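Shown below: start_20.tsv, with TSV, C-alpha atoms.
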chain	number	residue	atom	x	y	z
A	1	MET	CA	9.05	3.40	1.11
A	2	ALA	CA	9.82	2.76	-2.55
A	3	SER	CA	9.82	5.91	-4.66
A	4	PRO	CA	8.07	5.90	-8.06
A	5	GLN	CA	11.48	5.68	-9.72
A	6	GLU	CA	12.51	2.69	-7.61
A	7	LEU	CA	9.24	0.95	-8.36
A	8	SER	CA	9.65	1.66	-12.07
A	9	ASN	CA	13.19	0.31	-12.07
A	10	PHE	CA	12.11	-2.79	-10.21
A	11	LEU	CA	9.23	-3.53	-12.58
A	12	SER	CA	11.49	-2.90	-15.53
A	13	SER	CA	14.01	-5.40	-14.20
A	14	VAL	CA	11.50	-8.18	-13.53
A	15	GLU	CA	8.83	-7.82	-16.21
A	16	GLN	CA	10.52	-9.97	-18.87
A	17	ARG	CA	11.47	-12.65	-16.37
A	18	ALA	CA	7.96	-12.63	-14.95
A	19	PHE	CA	6.52	-12.95	-18.43
A	20	LYS	CA	8.67	-15.98	-19.23
A	21	GLN	CA	7.80	-17.62	-15.93
A	22	ALA	CA	4.11	-17.06	-16.60
A	23	VAL	CA	4.52	-18.49	-20.12
A	24	TYR	CA	6.21	-21.61	-18.72
A	25	ALA	CA	3.21	-22.09	-16.46
A	26	VAL	CA	0.24	-21.21	-18.68
A	27	ARG	CA	1.83	-21.78	-22.12
A	28	ASP	CA	-0.02	-18.86	-23.64
A	29	ASP	CA	1.58	-15.48	-24.39
A	30	ASP	CA	-1.59	-13.40	-24.09
A	31	ALA	CA	-2.62	-14.99	-20.83
A	32	ALA	CA	0.92	-14.56	-19.51
A	33	LEU	CA	0.88	-10.87	-20.42
A	34	ASP	CA	-2.44	-10.41	-18.63
A	35	ILE	CA	-1.08	-12.19	-15.58
A	36	VAL	CA	2.06	-10.06	-15.47
A	37	GLN	CA	0.04	-6.87	-15.94
A	38	ASP	CA	-2.33	-7.83	-13.13
A	39	ALA	CA	0.60	-8.66	-10.87
A	40	MET	CA	2.32	-5.34	-11.60
A	41	ILE	CA	-0.88	-3.37	-11.01
A	42	LYS	CA	-1.57	-5.14	-7.74
A	43	LEU	CA	1.99	-4.55	-6.57
A	44	ALA	CA	1.76	-0.84	-7.39
A	45	GLU	CA	-1.72	-0.38	-5.97
A	46	LYS	CA	-1.47	-2.38	-2.78
A	47	TYR	CA	2.21	-2.60	-1.96
A	48	GLY	CA	3.66	0.51	-3.64
A	49	ASP	CA	4.43	1.98	-0.25
A	50	ARG	CA	6.62	-0.95	0.84
A	51	PRO	CA	10.40	-0.55	1.06
A	52	ALA	CA	12.20	-1.33	-2.19
A	53	ALA	CA	13.98	-4.31	-0.61
A	54	GLU	CA	10.65	-6.09	0.01
A	55	LEU	CA	9.35	-5.72	-3.53
A	56	PRO	CA	10.99	-8.82	-5.11
A	57	LEU	CA	9.48	-11.24	-2.63
A	58	VAL	CA	6.07	-9.57	-2.67
A	59	PHE	CA	6.00	-9.46	-6.46
A	60	THR	CA	7.01	-13.11	-6.76
A	61	ARG	CA	4.21	-14.11	-4.44
A	62	ILE	CA	1.64	-11.98	-6.28
A	63	LEU	CA	2.76	-13.44	-9.61
A	64	GLN	CA	2.43	-17.01	-8.37
A	65	ASN	CA	-1.01	-16.26	-6.92
A	66	ARG	CA	-2.10	-14.76	-10.24
A	67	ILE	CA	-0.93	-17.88	-12.08
A	68	HIS	CA	-2.83	-20.10	-9.66
A	69	ASP	CA	-5.94	-17.91	-10.10
A	70	TRP	CA	-5.64	-18.30	-13.87
A	71	PHE	CA	-5.59	-22.08	-13.57
A	72	ARG	CA	-8.65	-21.99	-11.30
A	73	ARG	CA	-10.56	-19.86	-13.78
A	74	GLN	CA	-9.50	-22.11	-16.64
A	75	LYS	CA	-10.72	-25.16	-14.75
A	76	VAL	CA	-14.15	-23.59	-14.19
A	77	ARG	CA	-14.36	-22.38	-17.80
A	78	ASN	CA	-13.29	-25.72	-19.21
A	79	THR	CA	-16.01	-27.42	-17.21
A	80	TRP	CA	-18.70	-25.27	-18.84
A	81	VAL	CA	-17.10	-25.45	-22.30
A	82	THR	CA	-16.95	-29.25	-22.12
A	83	LEU	CA	-20.54	-29.39	-20.95
A	84	PHE	CA	-21.88	-27.20	-23.78
A	85	SER	CA	-19.64	-28.73	-26.43
A	86	ASN	CA	-20.95	-32.18	-25.56
A	87	MET	CA	-24.53	-30.91	-25.83
A	88	GLY	CA	-24.04	-29.45	-29.32
A	89	LYS	CA	-21.46	-31.89	-30.56
A	90	LYS	CA	-23.14	-32.92	-33.79
A	91	SER	CA	-23.85	-29.40	-35.05
A	92	ASP	CA	-20.31	-28.21	-34.28
A	93	GLU	CA	-18.50	-30.94	-36.10
A	94	ASN	CA	-16.21	-29.58	-38.77
A	95	ASP	CA	-14.32	-32.08	-40.87
A	96	ASP	CA	-12.44	-29.37	-42.78
A	97	PHE	CA	-10.43	-28.28	-39.74
A	98	ASP	CA	-6.70	-28.78	-40.23
A	99	PRO	CA	-4.61	-28.59	-37.04
A	100	LEU	CA	-1.56	-27.59	-39.04
A	101	GLU	CA	-3.23	-24.32	-40.00
A	102	SER	CA	-3.48	-23.25	-36.38
A	103	LEU	CA	0.17	-23.97	-35.59
A	104	SER	CA	2.51	-21.03	-35.71
A	105	ALA	CA	6.15	-21.41	-36.60
A	106	PRO	CA	8.64	-20.25	-33.98
A	107	ASP	CA	10.05	-16.81	-34.46
A	108	ASP	CA	13.49	-17.60	-35.86
A	109	SER	CA	14.29	-14.27	-37.49
A	110	GLU	CA	17.30	-13.75	-35.28
A	111	ILE	CA	18.68	-17.21	-35.75
A	112	HIS	CA	20.03	-16.63	-39.22
A	113	GLN	CA	21.73	-13.40	-38.25
A	114	ASP	CA	24.41	-14.73	-35.94
A	115	GLY	CA	25.01	-18.14	-37.36
A	116	ALA	CA	25.50	-21.51	-35.83
A	117	TYR	CA	26.21	-20.38	-32.28
A	118	LYS	CA	22.99	-18.52	-31.97
A	119	LEU	CA	21.10	-21.39	-33.56
A	120	GLU	CA	22.58	-23.78	-31.05
A	121	ARG	CA	21.77	-21.49	-28.10
A	122	SER	CA	18.26	-20.95	-29.38
A	123	GLN	CA	17.62	-24.66	-29.74
A	124	LEU	CA	19.10	-25.28	-26.32
A	125	LEU	CA	16.89	-22.60	-24.84
A	126	GLN	CA	13.81	-24.00	-26.56
A	127	SER	CA	14.55	-27.47	-25.25
A	128	LEU	CA	15.15	-26.14	-21.77
A	129	GLU	CA	11.99	-24.04	-21.75
A	130	SER	CA	10.03	-26.99	-23.05
A	131	GLU	CA	11.31	-29.22	-20.27
A	132	ILE	CA	10.68	-26.53	-17.63
A	133	SER	CA	7.09	-26.25	-18.84
A	134	LYS	CA	6.69	-29.99	-18.33
A	135	LEU	CA	7.79	-29.88	-14.69
A	136	PRO	CA	5.13	-30.19	-11.97
A	137	ALA	CA	3.92	-26.74	-10.94
A	138	ARG	CA	5.42	-26.71	-7.45
A	139	GLN	CA	8.79	-27.99	-8.65
A	140	ARG	CA	8.87	-25.38	-11.42
A	141	GLU	CA	7.95	-22.58	-9.01
A	142	ALA	CA	10.60	-23.58	-6.51
A	143	PHE	CA	13.26	-24.03	-9.17
A	144	LEU	CA	12.62	-20.68	-10.87
A	145	MET	CA	12.33	-18.73	-7.63
A	146	ARG	CA	15.45	-20.27	-6.21
A	147	TYR	CA	17.76	-20.00	-9.20
A	148	TRP	CA	16.27	-17.41	-11.54
A	149	ASP	CA	14.77	-14.98	-9.03
A	150	GLU	CA	17.77	-15.72	-6.79
A	151	LEU	CA	15.62	-15.95	-3.66
A	152	SER	CA	17.06	-17.70	-0.63
A	153	ILE	CA	15.57	-20.97	0.58
A	154	THR	CA	13.81	-19.12	3.38
A	155	GLU	CA	12.34	-16.52	1.02
A	156	THR	CA	11.25	-19.20	-1.43
A	157	ALA	CA	9.56	-21.11	1.37
A	158	LEU	CA	7.81	-17.94	2.45
A	159	ALA	CA	6.65	-17.17	-1.09
A	160	MET	CA	5.40	-20.72	-1.61
A	161	SER	CA	3.89	-21.03	1.87
A	162	CYS	CA	5.74	-24.25	2.57
A	163	SER	CA	8.68	-25.46	4.64
A	164	GLU	CA	12.31	-24.97	3.71
A	165	GLY	CA	12.70	-28.72	3.46
A	166	SER	CA	9.96	-28.83	0.85
A	167	VAL	CA	11.72	-26.14	-1.15
A	168	LYS	CA	14.96	-28.14	-1.15
A	169	THR	CA	13.10	-31.27	-2.20
A	170	HIS	CA	11.23	-29.47	-5.00
A	171	CYS	CA	14.42	-27.84	-6.28
A	172	SER	CA	16.37	-31.07	-6.18
A	173	ARG	CA	13.68	-33.03	-7.99
A	174	ALA	CA	13.23	-30.31	-10.60
A	175	THR	CA	16.95	-30.17	-11.28
A	176	GLN	CA	17.27	-33.94	-11.49
A	177	ALA	CA	14.32	-34.11	-13.88
A	178	LEU	CA	15.69	-31.34	-16.08
A	179	ALA	CA	19.18	-32.80	-16.17
A	180	LYS	CA	17.82	-36.21	-17.05
A	181	ALA	CA	15.54	-34.86	-19.79
A	182	LEU	CA	18.29	-32.78	-21.34
A	183	LYS	CA	20.72	-35.66	-21.15
A	184	LEU	CA	18.30	-37.82	-23.13
A	185	LYS	CA	18.41	-35.14	-25.83
A	186	GLY	CA	22.19	-35.11	-25.76
A	187	ILE	CA	22.41	-31.74	-24.03
A	188	THR	CA	24.70	-31.00	-21.12
A	189	LEU	CA	24.98	-27.66	-19.38
B	1	MET	CA	19.23	-49.13	-9.22
B	2	ASN	CA	22.94	-48.38	-9.45
B	3	ARG	CA	22.34	-46.66	-12.76
B	4	ASN	CA	19.71	-44.41	-11.20
B	5	ASN	CA	22.10	-43.44	-8.41
B	6	GLU	CA	24.77	-42.63	-10.98
B	7	ASP	CA	22.36	-40.32	-12.77
B	8	LEU	CA	21.51	-38.39	-9.60
B	9	LEU	CA	23.31	-35.10	-9.03
B	10	ASN	CA	24.76	-34.22	-5.67
B	11	SER	CA	23.86	-30.93	-3.96
B	12	THR	CA	26.79	-29.03	-5.47
B	13	GLU	CA	25.96	-30.26	-8.95
B	14	VAL	CA	22.30	-29.38	-8.39
B	15	ASP	CA	23.24	-25.79	-7.57
B	16	GLN	CA	25.65	-25.58	-10.51
B	17	PHE	CA	23.04	-26.93	-12.87
B	18	GLY	CA	20.44	-24.54	-11.47
B	19	LEU	CA	22.68	-21.52	-11.87
B	20	ALA	CA	23.68	-22.52	-15.40
B	21	THR	CA	20.04	-22.99	-16.31
B	22	ALA	CA	19.12	-19.64	-14.80
B	23	ALA	CA	21.87	-17.90	-16.78
B	24	LEU	CA	20.59	-19.44	-19.98
B	25	LEU	CA	17.00	-18.51	-19.19
B	26	ARG	CA	18.09	-14.96	-18.35
B	27	GLN	CA	19.71	-14.65	-21.77
B	28	GLY	CA	16.60	-16.00	-23.41
B	29	SER	CA	14.32	-13.56	-21.64
B	30	GLN	CA	16.30	-10.64	-23.08
B	31	SER	CA	15.39	-11.57	-26.64
B	32	LEU	CA	11.64	-11.24	-26.41
B	33	PRO	CA	9.71	-10.05	-29.50
B	34	ALA	CA	9.22	-6.29	-29.73
B	35	SER	CA	5.44	-6.63	-29.49
B	36	ILE	CA	5.75	-8.40	-26.13
B	37	LYS	CA	8.21	-5.80	-24.86
B	38	ASP	CA	5.83	-3.01	-25.91
B	39	ARG	CA	2.93	-4.61	-24.10
B	40	LEU	CA	5.04	-5.14	-20.99
B	41	TYR	CA	6.11	-1.50	-21.15
B	42	ALA	CA	2.48	-0.38	-21.44
B	43	ALA	CA	1.53	-2.63	-18.53
B	44	ARG	CA	4.31	-1.15	-16.43
B	45	LEU	CA	3.19	2.41	-17.18
B	46	LYS	CA	-0.37	1.50	-16.27
B	47	ALA	CA	0.78	-0.05	-13.00
B	48	LEU	CA	2.88	3.00	-12.14
B	49	SER	CA	-0.07	5.30	-12.82
B	50	LEU	CA	-2.06	3.34	-10.24
B	51	LYS	CA	0.69	3.40	-7.63
B	52	LYS	CA	-0.47	3.75	-4.07
B	53	PRO	CA	0.06	7.41	-3.11
B	54	GLU	CA	2.68	8.14	-0.51
B	55	LYS	CA	1.38	9.12	2.89
B	56	VAL	CA	2.09	12.83	3.48
B	57	ARG	CA	2.26	13.99	7.09
B	58	VAL	CA	0.45	17.34	7.31
B	59	GLN	CA	1.70	19.48	10.17
B	60	GLN	CA	-1.25	21.08	11.89
B	61	HIS	CA	-0.16	24.48	13.14
B	62	VAL	CA	-2.62	26.17	15.48
B	63	LEU	CA	-0.73	29.40	15.78
B	64	ALA	CA	0.26	31.70	12.95
B	65	ASN	CA	3.49	30.78	11.20
B	66	SER	CA	6.47	33.04	10.57
B	67	THR	CA	4.85	34.87	7.66
B	68	GLY	CA	1.83	35.74	9.74
B	69	ASN	CA	-0.59	33.68	7.67
B	70	TRP	CA	-2.79	31.05	9.22
B	71	SER	CA	-1.58	27.70	8.04
B	72	VAL	CA	-4.14	25.40	6.56
B	73	GLY	CA	-4.48	22.19	8.56
B	74	SER	CA	-6.53	19.17	7.64
B	75	ARG	CA	-10.26	19.48	7.39
B	76	SER	CA	-10.88	17.12	10.30
B	77	PHE	CA	-8.74	19.26	12.57
B	78	TRP	CA	-10.82	22.37	11.90
B	79	ASP	CA	-14.00	20.37	12.22
B	80	ASN	CA	-12.94	19.44	15.76
B	81	VAL	CA	-11.88	22.98	16.63
B	82	GLY	CA	-15.16	24.31	15.18
B	83	TRP	CA	-17.26	23.10	18.09
B	84	VAL	CA	-14.60	23.17	20.86
B	85	ALA	CA	-13.57	26.82	20.38
B	86	PRO	CA	-16.98	28.43	21.15
B	87	LEU	CA	-17.24	26.25	24.24
B	88	ILE	CA	-13.86	27.45	25.47
B	89	VAL	CA	-14.81	31.09	24.78
B	90	LEU	CA	-18.10	30.66	26.70
B	91	VAL	CA	-16.36	29.15	29.74
B	92	PHE	CA	-13.71	31.90	29.85
B	93	GLY	CA	-16.44	34.54	29.39
B	94	LEU	CA	-18.45	33.23	32.35
B	95	ILE	CA	-15.33	33.12	34.52
B	96	GLY	CA	-14.55	36.74	33.53
B	97	ILE	CA	-18.05	37.97	34.32
B	98	ALA	CA	-18.00	36.26	37.75
B	99	GLN	CA	-14.59	37.79	38.51
B	100	TRP	CA	-15.79	41.25	37.43
B	101	GLN	CA	-18.90	41.02	39.65
B	102	GLN	CA	-16.83	39.96	42.63
B	103	ASP	CA	-14.39	42.87	42.12
B	104	SER	CA	-17.32	45.28	41.79
B	105	ARG	CA	-18.86	44.07	45.06
B	106	ILE	CA	-15.54	44.40	46.89
B	107	ASN	CA	-15.13	47.94	45.53
B	108	ASP	CA	-18.62	48.93	46.70
B	109	ILE	CA	-17.93	47.63	50.22
B	110	ALA	CA	-14.58	49.39	50.24
B	111	GLU	CA	-16.18	52.69	49.23
B	112	LEU	CA	-18.77	52.31	52.00
B	113	ASP	CA	-16.07	51.55	54.55
B	114	ILE	CA	-14.05	54.58	53.42
B	115	ALA	CA	-17.14	56.82	53.67
B	116	LEU	CA	-17.87	55.60	57.20
B	117	LEU	CA	-14.29	55.93	58.38
B	118	THR	CA	-13.74	59.39	56.91
B	119	ASP	CA	-17.09	60.82	58.10
B	120	ASP	CA	-17.16	63.31	61.02
B	121	VAL	CA	-19.55	61.03	62.91
B	122	PRO	CA	-17.78	57.99	64.35
B	123	PRO	CA	-19.11	54.58	63.24
B	124	ASP	CA	-20.16	53.67	66.79
B	125	ALA	CA	-22.73	56.49	66.71
B	126	TYR	CA	-24.82	54.60	64.15
B	127	ALA	CA	-25.19	51.79	66.68
B	128	ASP	CA	-26.52	54.24	69.28
B	129	SER	CA	-30.38	54.42	69.36
B	130	GLY	CA	-30.33	57.92	70.87
B	131	PHE	CA	-28.30	59.28	68.00
B	132	LEU	CA	-30.69	57.70	65.51
B	133	GLY	CA	-33.61	59.41	67.36
B	134	PHE	CA	-31.73	62.71	67.24
B	135	LEU	CA	-31.30	62.34	63.49
B	136	LYS	CA	-35.00	61.58	63.09
B	137	ASN	CA	-36.51	64.24	65.35
B	138	GLY	CA	-33.73	66.78	65.79
B	139	PRO	CA	-32.97	70.05	63.96
B	140	LEU	CA	-31.31	68.13	61.16
B	141	ALA	CA	-34.62	66.36	60.45
B	142	ASP	CA	-36.48	69.73	60.27
B	143	SER	CA	-33.97	71.24	57.90
B	144	GLU	CA	-34.17	68.18	55.81
B	145	GLN	CA	-37.99	68.38	55.78
B	146	ASP	CA	-37.79	72.06	54.75
B	147	SER	CA	-35.52	71.26	51.90
B	148	LEU	CA	-37.94	68.55	50.75
B	149	ASP	CA	-40.90	70.97	50.88
B	150	SER	CA	-39.07	73.68	48.99
B	151	SER	CA	-38.18	71.19	46.30
B	152	LYS	CA	-41.88	70.14	45.98
B	153	SER	CA	-43.25	73.79	45.69
B	154	PRO	CA	-41.59	75.51	42.72
B	155	SER	CA	-42.61	79.03	43.82

Represent the structure of the file as structure tokens.
Amino acid sequence: MASPQELSNFLSSVEQRAFKQAVYAVRDDDAALDIVQDAMIKLAEKYGDRPAAELPLVFTRILQNRIHDWFRRQKVRNTWVTLFSNMGKKSDENDDFDPLESLSAPDDSEIHQDGAYKLERSQLLQSLESEISKLPARQREAFLMRYWDELSITETALAMSCSEGSVKTHCSRATQALAKALKLKGITL
Amino acid sequence: MNRNNEDLLNSTEVDQFGLATAALLRQGSQSLPASIKDRLYAARLKALSLKKPEKVRVQQHVLANSTGNWSVGSRSFWDNVGWVAPLIVLVFGLIGIAQWQQDSRINDIAELDIALLTDDVPPDAYADSGFLGFLKNGPLADSEQDSLDSSKSPS
């Protein structure tokens, strides 16, 4: 059974990674934070008595389920929003709206501190994260679990509820797609 | 077609690319904005406060422990004992009463036997009808009648 300290250490070690993975999937910081918080609470509430060795796999599965739930809710909400927006389309029209006003500039405060190297790494990371976000959901899940979460093929298959062969296929396709996309931008890892 | 095959990575290159990507992503995840880190920290504290409590095995001692105090078991244990204990006491009480009555009856018979065996008159005499007539009509009966009369008249 995981002690409170072990659980705290585990959550501390995975929270930032989980947040980034959620951001890649939902592309919204606030939603990603909510997803990670829900996943952490569910892990603590329901599976806090599991051995510490089982926590990574359980947490990964909970996180993926939370992301899938978010997409389901978004789909339902978008259906209603589209329906009502079509009904009141004329009254809601606003010609003064400027899309540029709603765009936020990336946080580059750290870039100027360490010079060209950090700029290059930051741009590389942005490109990589952008390409990861564009991957199909299953490929992205398999790729991140396999290489970032460092789960084995068996564990990844268990977390994704699919066969090991599917995991290998998803990982291979994700890697090929990423390599190809980065190569088009002149980036090699 | 050939160009596509040239672009494809083999399994070793796939793993190398994956690991390199993961290392880069790991570095990137360390440089999150402070506001995000604070919210993640708050979320972690909230999750830890809701942690499933550990199961504690409560030892249910029936007898007194070394200090002489009755240990406190779980409530369900005492609820069960609450109705079983009077039943056990009642059963043992009935068994005790039956045993005591049996001992008492044996003692009465033993006393009677002792009185018969230690009396001057042998036990066979009580089976003799002539002796019973002697007791009823003989001098012993008269003396007994006199003693009864004297007890009735106080003068």

Inset, instruction - When you get a sec, could you note down which chain B residues fall within 8 Å of chain A, using only C-alpha atoms, as a VMD selection string? - result: chain B and resid 7 to 9 11 14 17 to 26 28 to 30 32 36 to 37 39 to 41 43 to 44 46 to 48 50 to 54

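Our summary of the geometry notes that CA of Gln139 (chain A) is positioned 4.6 Å from CA of His170 (chain A).
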
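Taking CA of Ala32 (chain A) and CA of Leu63 (chain A) as the two end points, the separation is 10.1 Å.
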
Inset, instruction - Return the single residue from A:Met87, A:Glu131, A:Gly115, A:Lys75 that is closest to Leu182 (chain A), with distances computed using all atoms listed in the file. - result: A:Glu131

Inset, instruction - Could you jot down the CA of Ala31 (chain A) to CA of Ala142 (chain A) separation for me, Å, one decimal place? - result: 21.3 Å

Give, as JSON, the centre coordinates and the x, y and z edge lengths in Å to one decimal for an axis-aligned box around all listed atoms of region 29-37 of chain A, padded by 8 Å on each side.
{"center_x": -0.3, "center_y": -11.2, "center_z": -19.9, "size_x": 20.7, "size_y": 24.6, "size_z": 24.9}

Legend entry - Minimum-distance residue to Val121 (chain B), chosen among B:Asp38, B:Phe92, B:Leu135, B:Ser104 (using all atoms listed in the file): B:Leu135

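Distance check against Arg138 (chain A) using only C-alpha atoms: of A:Leu119, A:Cys162, A:Ile153, A:Val23, the minimum falls on A:Cys162.
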
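Comparing the minimum interatomic distances between Glu155 (chain A) and each of A:Ile67, A:Ile187, A:Ala25, A:Val167, counting all atoms listed in the file, we find that A:Val167 sits nearest.
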
Since the input is missing atoms, can you rebuild N, CA and C atoms for region 95-106 of chain B and write them as a PDB file, in the coordinates of the input?
ATOM      1  N   ILE B  95     -16.306  32.902  33.439  1.00  0.00           N
ATOM      2  CA  ILE B  95     -15.330  33.120  34.520  1.00  0.00           C
ATOM      3  C   ILE B  95     -15.002  34.607  34.641  1.00  0.00           C
ATOM      4  N   GLY B  96     -14.860  35.297  33.524  1.00  0.00           N
ATOM      5  CA  GLY B  96     -14.550  36.740  33.530  1.00  0.00           C
ATOM      6  C   GLY B  96     -15.670  37.552  34.144  1.00  0.00           C
ATOM      7  N   ILE B  97     -16.906  37.225  33.779  1.00  0.00           N
ATOM      8  CA  ILE B  97     -18.050  37.970  34.320  1.00  0.00           C
ATOM      9  C   ILE B  97     -18.139  37.777  35.835  1.00  0.00           C
ATOM     10  N   ALA B  98     -17.950  36.524  36.312  1.00  0.00           N
ATOM     11  CA  ALA B  98     -18.000  36.260  37.750  1.00  0.00           C
ATOM     12  C   ALA B  98     -16.904  37.025  38.482  1.00  0.00           C
ATOM     13  N   GLN B  99     -15.716  37.068  37.891  1.00  0.00           N
ATOM     14  CA  GLN B  99     -14.590  37.790  38.510  1.00  0.00           C
ATOM     15  C   GLN B  99     -14.900  39.297  38.582  1.00  0.00           C
ATOM     16  N   TRP B 100     -15.487  39.807  37.486  1.00  0.00           N
ATOM     17  CA  TRP B 100     -15.790  41.250  37.430  1.00  0.00           C
ATOM     18  C   TRP B 100     -16.848  41.612  38.484  1.00  0.00           C
ATOM     19  N   GLN B 101     -17.860  40.753  38.646  1.00  0.00           N
ATOM     20  CA  GLN B 101     -18.900  41.020  39.650  1.00  0.00           C
ATOM     21  C   GLN B 101     -18.335  40.997  41.065  1.00  0.00           C
ATOM     22  N   GLN B 102     -17.438  40.062  41.299  1.00  0.00           N
ATOM     23  CA  GLN B 102     -16.830  39.960  42.630  1.00  0.00           C
ATOM     24  C   GLN B 102     -15.991  41.208  42.939  1.00  0.00           C
ATOM     25  N   ASP B 103     -15.209  41.662  41.947  1.00  0.00           N
ATOM     26  CA  ASP B 103     -14.390  42.870  42.120  1.00  0.00           C
ATOM     27  C   ASP B 103     -15.284  44.089  42.382  1.00  0.00           C
ATOM     28  N   SER B 104     -16.399  44.138  41.651  1.00  0.00           N
ATOM     29  CA  SER B 104     -17.320  45.280  41.790  1.00  0.00           C
ATOM     30  C   SER B 104     -17.919  45.326  43.200  1.00  0.00           C
ATOM     31  N   ARG B 105     -18.278  44.118  43.713  1.00  0.00           N
ATOM     32  CA  ARG B 105     -18.860  44.070  45.060  1.00  0.00           C
ATOM     33  C   ARG B 105     -17.829  44.475  46.106  1.00  0.00           C
ATOM     34  N   ILE B 106     -16.613  44.034  45.946  1.00  0.00           N
ATOM     35  CA  ILE B 106     -15.540  44.400  46.890  1.00  0.00           C
ATOM     36  C   ILE B 106     -15.306  45.917  46.858  1.00  0.00           C
TER      37      ILE B 106
END
